>>> print(open('upload-v3.pdb').read())   # PDB, C-alpha atoms
ATOM      1  CA  MET A 276     -16.691  -7.763 -10.144  1.00  0.00           C
ATOM      2  CA  GLU A 277     -13.621  -6.763 -12.056  1.00  0.00           C
ATOM      3  CA  THR A 278     -10.322  -8.387 -11.099  1.00  0.00           C
ATOM      4  CA  LEU A 279      -7.256  -6.336 -10.224  1.00  0.00           C
ATOM      5  CA  SER A 280      -5.480  -7.587 -13.329  1.00  0.00           C
ATOM      6  CA  ASN A 281      -8.360  -6.627 -15.631  1.00  0.00           C
ATOM      7  CA  GLN A 282      -8.763  -3.261 -13.938  1.00  0.00           C
ATOM      8  CA  MET A 283      -5.078  -2.378 -14.241  1.00  0.00           C
ATOM      9  CA  THR A 284      -4.869  -3.580 -17.853  1.00  0.00           C
ATOM     10  CA  GLN A 285      -7.821  -1.397 -18.764  1.00  0.00           C
ATOM     11  CA  ASN A 286      -6.391   1.587 -16.870  1.00  0.00           C
ATOM     12  CA  PRO A 287      -2.616   1.416 -17.376  1.00  0.00           C
ATOM     13  CA  TYR A 288      -0.306   3.899 -15.738  1.00  0.00           C
ATOM     14  CA  HIS A 289       0.375   6.918 -17.922  1.00  0.00           C
ATOM     15  CA  HIS A 290       1.666   9.854 -15.872  1.00  0.00           C
ATOM     16  CA  GLY A 291       2.004  10.847 -12.270  1.00  0.00           C
ATOM     17  CA  ASN A 292       3.825   9.225  -9.415  1.00  0.00           C
ATOM     18  CA  LEU A 293       4.891   5.829 -10.752  1.00  0.00           C
ATOM     19  CA  ARG A 294       6.740   4.917  -7.566  1.00  0.00           C
ATOM     20  CA  GLN A 295       3.556   5.434  -5.541  1.00  0.00           C
ATOM     21  CA  THR A 296       1.513   3.498  -8.099  1.00  0.00           C
ATOM     22  CA  LEU A 297       3.958   0.583  -7.971  1.00  0.00           C
ATOM     23  CA  ILE A 298       3.857   0.479  -4.172  1.00  0.00           C
ATOM     24  CA  GLU A 299       0.073   0.697  -3.896  1.00  0.00           C
ATOM     25  CA  THR A 300      -0.524  -1.830  -6.676  1.00  0.00           C
ATOM     26  CA  GLY A 301       2.050  -4.142  -5.127  1.00  0.00           C
ATOM     27  CA  ILE A 302       0.351  -3.934  -1.736  1.00  0.00           C
ATOM     28  CA  GLU A 303      -3.036  -4.692  -3.258  1.00  0.00           C
ATOM     29  CA  TYR A 304      -1.626  -7.649  -5.209  1.00  0.00           C
ATOM     30  CA  VAL A 305       0.227  -9.085  -2.211  1.00  0.00           C
ATOM     31  CA  SER A 306      -2.850  -8.755  -0.013  1.00  0.00           C
ATOM     32  CA  LYS A 307      -4.776 -10.942  -2.475  1.00  0.00           C
ATOM     33  CA  HIS A 308      -2.092 -13.388  -3.636  1.00  0.00           C
ATOM     34  CA  GLY A 309       0.777 -13.300  -1.113  1.00  0.00           C
ATOM     35  CA  ASP A 310       4.270 -11.907  -1.506  1.00  0.00           C
ATOM     36  CA  HIS A 311       5.521 -15.147  -3.035  1.00  0.00           C
ATOM     37  CA  ALA A 312       3.290 -14.482  -6.088  1.00  0.00           C
ATOM     38  CA  LEU A 313       4.576 -10.958  -6.677  1.00  0.00           C
ATOM     39  CA  SER A 314       7.209 -10.488  -9.347  1.00  0.00           C
ATOM     40  CA  ILE A 315       8.656  -7.414 -11.016  1.00  0.00           C
ATOM     41  CA  ARG A 316       7.247  -8.554 -14.354  1.00  0.00           C
ATOM     42  CA  LYS A 317       3.783  -9.176 -12.892  1.00  0.00           C
ATOM     43  CA  LEU A 318       3.734  -5.754 -11.245  1.00  0.00           C
ATOM     44  CA  SER A 319       4.912  -4.041 -14.418  1.00  0.00           C
ATOM     45  CA  SER A 320       2.118  -5.776 -16.325  1.00  0.00           C
ATOM     46  CA  LEU A 321      -0.475  -4.681 -13.760  1.00  0.00           C
ATOM     47  CA  CYS A 322       0.735  -1.078 -13.967  1.00  0.00           C
ATOM     48  CA  GLY A 323       1.095  -1.032 -17.743  1.00  0.00           C
ATOM     49  CA  VAL A 324       4.815  -0.215 -17.751  1.00  0.00           C
ATOM     50  CA  THR A 325       7.917  -2.122 -18.793  1.00  0.00           C
ATOM     51  CA  HIS A 326       9.646  -4.150 -16.119  1.00  0.00           C
ATOM     52  CA  THR A 327      12.764  -2.040 -16.595  1.00  0.00           C
ATOM     53  CA  ALA A 328      10.779   1.053 -15.512  1.00  0.00           C
ATOM     54  CA  ILE A 329      10.435  -0.467 -12.049  1.00  0.00           C
ATOM     55  CA  TYR A 330      14.217  -0.676 -11.699  1.00  0.00           C
ATOM     56  CA  SER A 331      14.351   3.116 -11.945  1.00  0.00           C
ATOM     57  CA  TYR A 332      12.742   3.161  -8.501  1.00  0.00           C
ATOM     58  CA  PHE A 333      13.701  -0.135  -6.862  1.00  0.00           C
ATOM     59  CA  LYS A 334      16.949  -2.097  -7.011  1.00  0.00           C
ATOM     60  CA  ASN A 335      15.100  -5.417  -6.833  1.00  0.00           C
ATOM     61  CA  LYS A 336      11.957  -7.112  -5.508  1.00  0.00           C
ATOM     62  CA  ASP A 337      13.243  -6.971  -1.929  1.00  0.00           C
ATOM     63  CA  ALA A 338      13.677  -3.190  -2.157  1.00  0.00           C
ATOM     64  CA  LEU A 339      10.131  -2.914  -3.518  1.00  0.00           C
ATOM     65  CA  ILE A 340       8.748  -5.015  -0.659  1.00  0.00           C
ATOM     66  CA  ASP A 341      10.684  -2.902   1.857  1.00  0.00           C
ATOM     67  CA  ALA A 342       9.128   0.238   0.348  1.00  0.00           C
ATOM     68  CA  MET A 343       5.700  -1.391   0.560  1.00  0.00           C
ATOM     69  CA  LYS A 344       6.273  -2.167   4.262  1.00  0.00           C
ATOM     70  CA  ASP A 345       7.409   1.410   4.899  1.00  0.00           C
ATOM     71  CA  TYR A 346       4.316   2.723   3.124  1.00  0.00           C
ATOM     72  CA  VAL A 347       1.970   0.591   5.252  1.00  0.00           C
ATOM     73  CA  CYS A 348       3.778   1.612   8.455  1.00  0.00           C
ATOM     74  CA  GLU A 349       3.509   5.291   7.513  1.00  0.00           C
ATOM     75  CA  GLU A 350      -0.189   4.943   6.675  1.00  0.00           C
ATOM     76  CA  PHE A 351      -0.740   3.192  10.011  1.00  0.00           C
ATOM     77  CA  ALA A 352       1.119   5.910  11.925  1.00  0.00           C
ATOM     78  CA  ASN A 353      -0.879   8.630  10.162  1.00  0.00           C
ATOM     79  CA  SER A 354      -4.092   6.805  10.972  1.00  0.00           C
ATOM     80  CA  MET A 355      -3.166   6.539  14.650  1.00  0.00           C
ATOM     81  CA  GLU A 356      -2.240  10.230  14.800  1.00  0.00           C
ATOM     82  CA  LYS A 357      -5.669  11.152  13.412  1.00  0.00           C
ATOM     83  CA  GLU A 358      -7.421   8.906  15.951  1.00  0.00           C
ATOM     84  CA  VAL A 359      -5.545  10.478  18.864  1.00  0.00           C
ATOM     85  CA  ALA A 360      -6.111  13.999  17.556  1.00  0.00           C
ATOM     86  CA  ALA A 361      -9.847  13.322  17.361  1.00  0.00           C
ATOM     87  CA  ALA A 362     -10.002  11.943  20.912  1.00  0.00           C
ATOM     88  CA  ASN A 363     -10.534  14.024  24.023  1.00  0.00           C
ATOM     89  CA  GLN A 364      -6.951  13.844  25.209  1.00  0.00           C
ATOM     90  CA  LYS A 365      -7.823  15.186  28.646  1.00  0.00           C
ATOM     91  CA  ILE A 366      -9.404  11.829  29.408  1.00  0.00           C
ATOM     92  CA  PRO A 367      -6.751   9.078  29.098  1.00  0.00           C
ATOM     93  CA  GLN A 368      -9.364   6.362  28.668  1.00  0.00           C
ATOM     94  CA  GLU A 369     -10.725   8.108  25.565  1.00  0.00           C
ATOM     95  CA  THR A 370      -7.262   8.323  24.062  1.00  0.00           C
ATOM     96  CA  ALA A 371      -6.666   4.630  24.767  1.00  0.00           C
ATOM     97  CA  TYR A 372     -10.060   3.775  23.290  1.00  0.00           C
ATOM     98  CA  ALA A 373      -9.321   5.882  20.203  1.00  0.00           C
ATOM     99  CA  LEU A 374      -6.017   4.076  19.694  1.00  0.00           C
ATOM    100  CA  ALA A 375      -7.587   0.648  20.131  1.00  0.00           C
ATOM    101  CA  THR A 376     -10.500   1.292  17.798  1.00  0.00           C
ATOM    102  CA  GLY A 377      -8.255   3.057  15.307  1.00  0.00           C
ATOM    103  CA  TYR A 378      -5.916   0.060  15.294  1.00  0.00           C
ATOM    104  CA  VAL A 379      -8.774  -2.330  14.569  1.00  0.00           C
ATOM    105  CA  ARG A 380     -10.325   0.014  12.000  1.00  0.00           C
ATOM    106  CA  PHE A 381      -7.033   0.367  10.109  1.00  0.00           C
ATOM    107  CA  PHE A 382      -6.390  -3.352   9.882  1.00  0.00           C
ATOM    108  CA  LEU A 383      -9.954  -4.149   8.883  1.00  0.00           C
ATOM    109  CA  ALA A 384      -9.693  -1.621   6.078  1.00  0.00           C
ATOM    110  CA  ASN A 385      -6.246  -2.784   5.021  1.00  0.00           C
TER     111      ASN A 385
END
>>> encode(input="upload-v3.pdb", output="structure tokens")
Amino acid sequence: METLSNQMTQNPYHHGNLRQTLIETGIEYVSKHGDHALSIRKLSSLCGVTHTAIYSYFKNKDALIDAMKDYVCEEFANSMEKEVAAANQKIPQETAYALATGYVRFFLAN
């Protein structure tokens, strides 16, 4: 199995939404190593960009981590909205069940 570091080094960022790439790569790294291990230089290395490129999007590491938290919260909210939309909302128990299982499903996947 390929490590995150090897995978990102082999597939460096070239074009597209760098901010999104930084956030998603940061989340993946933190989930494996903890937020204490994340640094701007480490993230820039994983994404194949200079560390100064990150400062075009985030003032500092704290701003990056805040953006990562916002991203996860938004993904969670979107996931919950989909679960509720798929449930038979005329039956409150089904909506509650959809929310509960969606909650568990989201956190197992993330």
>>> resolve_selection(input="upload-v3.pdb", expression="the PyMOL selection byres ((chain A and resi 328) around 12)", output="NGL selection string")
:A and (288 or 293-294 or 297 or 315-316 or 318-320 or 322-327 or 329-335)
>>> atom_distance(input="upload-v3.pdb", atom1="CA of Phe382 in chain A", atom2="CA of Ala352 in chain A")
12.1 Å
>>> atom_distance(input="upload-v3.pdb", atom1="CA of Tyr372 in chain A", atom2="CA of Glu299 in chain A")
29.2 Å
>>> residues_around(input="upload-v3.pdb", residues="Ile302 in chain A", least_positions_apart="2", cutoff="12 Å", atoms="only C-alpha atoms", output="PDB file with C-alpha atoms, in the coordinates of the input")
ATOM      1  CA  LEU A 279      -7.256  -6.336 -10.224  1.00  0.00           C
ATOM      2  CA  GLN A 295       3.556   5.434  -5.541  1.00  0.00           C
ATOM      3  CA  THR A 296       1.513   3.498  -8.099  1.00  0.00           C
ATOM      4  CA  LEU A 297       3.958   0.583  -7.971  1.00  0.00           C
ATOM      5  CA  ILE A 298       3.857   0.479  -4.172  1.00  0.00           C
ATOM      6  CA  GLU A 299       0.073   0.697  -3.896  1.00  0.00           C
ATOM      7  CA  THR A 300      -0.524  -1.830  -6.676  1.00  0.00           C
ATOM      8  CA  TYR A 304      -1.626  -7.649  -5.209  1.00  0.00           C
ATOM      9  CA  VAL A 305       0.227  -9.085  -2.211  1.00  0.00           C
ATOM     10  CA  SER A 306      -2.850  -8.755  -0.013  1.00  0.00           C
ATOM     11  CA  LYS A 307      -4.776 -10.942  -2.475  1.00  0.00           C
ATOM     12  CA  HIS A 308      -2.092 -13.388  -3.636  1.00  0.00           C
ATOM     13  CA  GLY A 309       0.777 -13.300  -1.113  1.00  0.00           C
ATOM     14  CA  ASP A 310       4.270 -11.907  -1.506  1.00  0.00           C
ATOM     15  CA  ALA A 312       3.290 -14.482  -6.088  1.00  0.00           C
ATOM     16  CA  LEU A 313       4.576 -10.958  -6.677  1.00  0.00           C
ATOM     17  CA  LEU A 318       3.734  -5.754 -11.245  1.00  0.00           C
ATOM     18  CA  LEU A 339      10.131  -2.914  -3.518  1.00  0.00           C
ATOM     19  CA  ILE A 340       8.748  -5.015  -0.659  1.00  0.00           C
ATOM     20  CA  ASP A 341      10.684  -2.902   1.857  1.00  0.00           C
ATOM     21  CA  ALA A 342       9.128   0.238   0.348  1.00  0.00           C
ATOM     22  CA  MET A 343       5.700  -1.391   0.560  1.00  0.00           C
ATOM     23  CA  LYS A 344       6.273  -2.167   4.262  1.00  0.00           C
ATOM     24  CA  ASP A 345       7.409   1.410   4.899  1.00  0.00           C
ATOM     25  CA  TYR A 346       4.316   2.723   3.124  1.00  0.00           C
ATOM     26  CA  VAL A 347       1.970   0.591   5.252  1.00  0.00           C
ATOM     27  CA  ASN A 385      -6.246  -2.784   5.021  1.00  0.00           C
TER      28      ASN A 385
END
>>> atom_distance(input="upload-v3.pdb", atom1="CA of Ser314 in chain A", atom2="CA of Leu383 in chain A")
25.8 Å
>>> closest_residue(input="upload-v3.pdb", among="A:Gly291, A:Ala384, A:Lys365, A:Asp337", to="His311 in chain A", atoms="only C-alpha atoms")
A:Asp337
>>> closest_residue(input="upload-v3.pdb", among="A:Glu356, A:Phe351, A:Ala361, A:Leu321", to="Val379 in chain A", atoms="only C-alpha atoms")
A:Phe351
>>> residues_around(input="upload-v3.pdb", residues="Asn353 in chain A", least_positions_apart="6", cutoff="12 Å", atoms="all atoms listed in the file", output="PyMOL selection string")
chain A and resi 346-347+359-360+374+377-378+381
>>> axis_aligned_box(input="upload-v3.pdb", around="range 318-321 of chain A", padding_each_side="8 Å", output="AutoDock Vina command-line options")
--center_x 2.2 --center_y -4.9 --center_z -13.8 --size_x 21.4 --size_y 17.7 --size_z 21.1
>>> closest_residue(input="upload-v3.pdb", among="A:Asn292, A:Ala375, A:Ala338, A:Glu350", to="Ala362 in chain A", atoms="only C-alpha atoms")
A:Ala375
>>> decode(input="upload-v3.pdb", residues="range 351-369 of chain A", atoms="N, CA, C and O atoms", output="tab-separated table (two decimals), in the first residue's frame")
chain	number	residue	atom	x	y	z
A	351	PHE	N	-20.21	17.36	6.58
A	351	PHE	CA	-21.12	16.68	7.50
A	351	PHE	C	-22.55	17.19	7.30
A	351	PHE	O	-23.49	16.40	7.21
A	352	ALA	N	-22.71	18.50	7.21
A	352	ALA	CA	-24.04	19.08	7.01
A	352	ALA	C	-24.64	18.61	5.70
A	352	ALA	O	-25.83	18.24	5.64
A	353	ASN	N	-23.85	18.59	4.64
A	353	ASN	CA	-24.34	18.10	3.35
A	353	ASN	C	-24.75	16.64	3.42
A	353	ASN	O	-25.77	16.24	2.86
A	354	SER	N	-23.97	15.86	4.14
A	354	SER	CA	-24.28	14.44	4.31
A	354	SER	C	-25.61	14.26	5.05
A	354	SER	O	-26.44	13.43	4.67
A	355	MET	N	-25.81	15.04	6.09
A	355	MET	CA	-27.05	14.94	6.87
A	355	MET	C	-28.26	15.38	6.04
A	355	MET	O	-29.33	14.77	6.11
A	356	GLU	N	-28.08	16.42	5.23
A	356	GLU	CA	-29.17	16.87	4.36
A	356	GLU	C	-29.58	15.78	3.38
A	356	GLU	O	-30.77	15.57	3.14
A	357	LYS	N	-28.61	15.08	2.82
A	357	LYS	CA	-28.90	13.98	1.89
A	357	LYS	C	-29.63	12.84	2.60
A	357	LYS	O	-30.55	12.25	2.04
A	358	GLU	N	-29.23	12.53	3.82
A	358	GLU	CA	-29.88	11.45	4.58
A	358	GLU	C	-31.34	11.79	4.84
A	358	GLU	O	-32.23	10.96	4.68
A	359	VAL	N	-31.60	13.03	5.25
A	359	VAL	CA	-32.96	13.45	5.55
A	359	VAL	C	-33.80	13.48	4.27
A	359	VAL	O	-34.95	13.04	4.27
A	360	ALA	N	-33.21	13.97	3.20
A	360	ALA	CA	-33.94	14.03	1.93
A	360	ALA	C	-34.33	12.64	1.44
A	360	ALA	O	-35.39	12.46	0.83
A	361	ALA	N	-33.49	11.65	1.72
A	361	ALA	CA	-33.77	10.29	1.29
A	361	ALA	C	-34.78	9.57	2.18
A	361	ALA	O	-35.37	8.57	1.78
A	362	ALA	N	-34.99	10.09	3.38
A	362	ALA	CA	-35.91	9.45	4.33
A	362	ALA	C	-37.36	9.82	4.00
A	362	ALA	O	-37.64	10.84	3.39
A	363	ASN	N	-38.26	8.97	4.44
A	363	ASN	CA	-39.69	9.28	4.34
A	363	ASN	C	-40.01	10.25	5.47
A	363	ASN	O	-40.20	9.85	6.61
A	364	GLN	N	-40.07	11.52	5.13
A	364	GLN	CA	-40.20	12.55	6.16
A	364	GLN	C	-41.60	12.61	6.78
A	364	GLN	O	-41.82	13.32	7.74
A	365	LYS	N	-42.52	11.85	6.24
A	365	LYS	CA	-43.86	11.81	6.83
A	365	LYS	C	-43.87	10.94	8.09
A	365	LYS	O	-44.79	11.02	8.88
A	366	ILE	N	-42.84	10.13	8.24
A	366	ILE	CA	-42.74	9.28	9.42
A	366	ILE	C	-41.53	9.75	10.22
A	366	ILE	O	-40.38	9.53	9.84
A	367	PRO	N	-41.76	10.45	11.34
A	367	PRO	CA	-40.66	11.04	12.11
A	367	PRO	C	-39.60	10.03	12.53
A	367	PRO	O	-38.41	10.35	12.55
A	368	GLN	N	-40.01	8.81	12.82
A	368	GLN	CA	-39.03	7.81	13.23
A	368	GLN	C	-38.04	7.51	12.10
A	368	GLN	O	-36.87	7.26	12.34
A	369	GLU	N	-38.51	7.53	10.86
A	369	GLU	CA	-37.62	7.27	9.73
A	369	GLU	C	-36.62	8.41	9.55
A	369	GLU	O	-35.46	8.19	9.22
